[in-house]
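*Asks:* I'd like to ask you about the structure that follows.
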Number of protein chains: 2
Amino acid sequence: MQQIVDFVLELDKLKAVTRKTRPLGLERLENSAEHSWQIAMMAAAMAPFAEPGLDMPRVIGMLLVHDIGEIDTGDTLVYVEDGWAERKAAERAAVQRIFGLLPEAQAAGFMALWLEFEEGATPEARYANAVDRAMPALLNLANKGQSWREHGISHARVVARLQGPIREGCPALWAYLEARLQAAQAQGLFGA
Amino acid sequence: MQQIVDFVLELDKLKAVTRKTRPLGLERLENSAEHSWQIAMMAAAMAPFAEPGLDMPRVIGMLLVHDIGEIDTGDTLVYVEDGWAERKAAERAAVQRIFGLLPEAQAAGFMALWLEFEEGATPEARYANAVDRAMPALLNLANKGQSWREHGISHARVVARLQGPIREGCPALWAYLEARLQAAQAQGLFGA
């Protein structure tokens, strides 16, 4: 039991990892723990638009664990393209350390979810990734483009970065988002 | 899709609902969204101590939705005993409003999880409740009794409030916690 408690208290550090978006109506930056909760809820709520037969509990498990490596590495803006491989290796070392606080069977279960998400080879991982990618865009759309404008991200860069993974993981979500992004461009909500 | 997006953006407000505990090493108060993430992870990590055959995805679903009513009502300290029934009625009205943003089938699914947690009649609900009750105590134990001291909560009140639900939902967790709380009393980590 002490191993599990140590693990859960280690997880507390994800509440201190800040992202680039701000929660609606708040001045502070969003953190990765509350983001993980929100996308788990989004995945469940959007189930009617997921591929039939998808294992939703596995999707939710992946989304709950996918950012835990940031406890050691911090969050990186999805538009930063340099050093992605090094960053992923560092995140992997981080989750090995953190899941390693647990008894072996528990550690292996979480590691399998983390790897499935990273590899993106299953419909569940692709759907989970689509939800994860779409969420900050939805917040930005509701927030007058806050993090796009703060970081000088253009409409073209958003589309280039999100289109592939979201369309692959949840085509209906991309169809919706593509139209919203186009409208946002017309309104001048992007940077650059 | 727009209904689901509206729902997910409404959930953003749970990031602004503050609790009484502080994340380890941070000055600010914890919010209910990041708390929901952490207890979902704790429930999964503690699976070896759950009743055999427990439906863990349902436990996790309950923990992800159980605090959503606080978007309208705010968080209440578990030691506040007056007005509990009124508060629960208000939370129920709140989740009916919030889940009601979704298409009917999705709303009904989340509502069923929320009600199962509140009613506490299944082993899954009792285990989920044990985890939810234990988490702030674990943070307080790691935080030198921070919220107990700030709110003048004695060892006897903590035991009276936590023993029943935690012992019922996860006996091994109570056995662990009981000993920790006793040691904390000897160290003077309680208020009053």
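Residue names in the structure tokens use chain letters A, B, ... in the order shown, residue numbers from 1 in each chain, and ligand numbers from 1 in the order shown.
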Excluding Leu113 of chain A and any residue of its chain fewer than 2 positions from it, enumerate the residues within 9 Å of it, using only C-alpha atoms, and give them as a count of residues only.

*Replies:* 16

*Asks:* Only residues of chain B matter here; which ones have an atom within 9 Å of chain A, counting only C-alpha atoms? Give them as a PyMOL selection string.

*Replies:* chain B and resi 1-2+4-5+7-9+11-16+23-26+30-42+44-49+56-58+60-61+64-65+102+106-107+110+135+138-139+142+172-173+176

*Asks:* Which residues are near Ile166 of chain B? Cut-off 8 Å, only C-alpha atoms, ignore same chain within fewer than 3 positions. Put them as a list in words.

*Replies:* Arg126, Tyr127, Asn129, Ala130, Val131, Arg133, Ala134, Leu162, Gln163, Gly169, Cys170, Pro171, Leu173 and Trp174 of chain B

*Asks:* Out of B:Arg92, B:Lys144, B:Arg167, B:Arg19, which residue has the shortest atom-to-atom distance to Thr76 of chain B when counting only C-alpha atoms?

*Replies:*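 Distance minimum relative to Thr76 of chain B lands on B:Arg19.
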
*Asks:* When DSSP is applied to the backbone of this structure, which of segment 10-168 of chain A are assigned helix (DSSP H, G or I)? Write them out as a PyMOL selection string.

*Replies:* chain A and resi 10-16+32-45+47-49+56-65+70-73+84-99+104-119+123-142+146-150+155-168

*Asks:* So how many Å separate atom CA of Leu181 of chain B and atom CA of Glu168 of chain B, to one decimal?

*Replies:*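 Atom-to-atom, atom CA of Leu181 of chain B and atom CA of Glu168 of chain B are spaced 17.6 Å apart.
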
*Asks:* For Glu91 of chain A, find every residue with an atom within 9 Å (counting only C-alpha atoms), except residues of its own chain fewer than 4 positions away, and show them as a CSV table (one decimal) with N, CA, C and O atoms, in the first residue's frame.

*Replies:*
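Result saved to result-v5.csv:
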```csv
chain,number,residue,atom,x,y,z
A,67,ASP,N,0.1,12.1,-20.0
A,67,ASP,CA,1.0,13.3,-19.7
A,67,ASP,C,1.9,13.1,-18.5
A,67,ASP,O,2.6,14.1,-18.1
A,68,ILE,N,1.8,12.0,-17.9
A,68,ILE,CA,2.5,11.8,-16.6
A,68,ILE,C,4.0,12.0,-16.7
A,68,ILE,O,4.7,12.5,-15.8
A,69,GLY,N,4.6,11.7,-17.9
A,69,GLY,CA,6.0,12.0,-18.1
A,69,GLY,C,6.4,13.4,-17.9
A,69,GLY,O,7.6,13.7,-17.6
A,70,GLU,N,5.5,14.3,-18.1
A,70,GLU,CA,5.7,15.8,-18.0
A,70,GLU,C,6.1,16.2,-16.6
A,70,GLU,O,6.6,17.3,-16.4
A,71,ILE,N,5.9,15.3,-15.6
A,71,ILE,CA,6.3,15.6,-14.3
A,71,ILE,C,7.8,15.8,-14.3
A,71,ILE,O,8.3,16.7,-13.5
A,72,ASP,N,8.6,15.1,-15.1
A,72,ASP,CA,10.0,15.3,-15.2
A,72,ASP,C,10.4,16.2,-16.3
A,72,ASP,O,11.4,16.9,-16.2
A,73,THR,N,9.6,16.3,-17.4
A,73,THR,CA,10.1,17.0,-18.6
A,73,THR,C,9.4,18.4,-18.8
A,73,THR,O,9.9,19.2,-19.6
A,86,GLU,N,14.1,13.5,-28.8
A,86,GLU,CA,14.8,13.5,-27.5
A,86,GLU,C,13.7,13.7,-26.4
A,86,GLU,O,13.8,13.1,-25.3
A,87,ARG,N,12.7,14.6,-26.7
A,87,ARG,CA,11.7,14.8,-25.7
A,87,ARG,C,10.9,13.6,-25.3
A,87,ARG,O,10.6,13.3,-24.2
A,95,VAL,N,8.3,8.2,-17.3
A,95,VAL,CA,7.2,7.3,-16.8
A,95,VAL,C,7.7,6.0,-16.3
A,95,VAL,O,7.1,5.4,-15.4
A,96,GLN,N,8.9,5.6,-16.8
A,96,GLN,CA,9.5,4.3,-16.3
A,96,GLN,C,9.8,4.6,-14.8
A,96,GLN,O,9.6,3.7,-13.9
```

*Asks:* One decimal, Å: what's the distance from atom CA of Gly188 of chain A over to atom CA of Leu141 of chain A, could you say?

*Replies:* 11.1 Å

*Asks:* Near Ser154 of chain A, within 6 Å and counting only C-alpha atoms, which residues show up once chain neighbours fewer than 3 positions away are dropped, as a PyMOL selection string?

*Replies:* chain A and resi 157+190-192

*Asks:* Between atom CA of Gly145 of chain A and atom CA of Asp132 of chain A, measure the distance and give it in Å to one decimal.

*Replies:* 17.5 Å
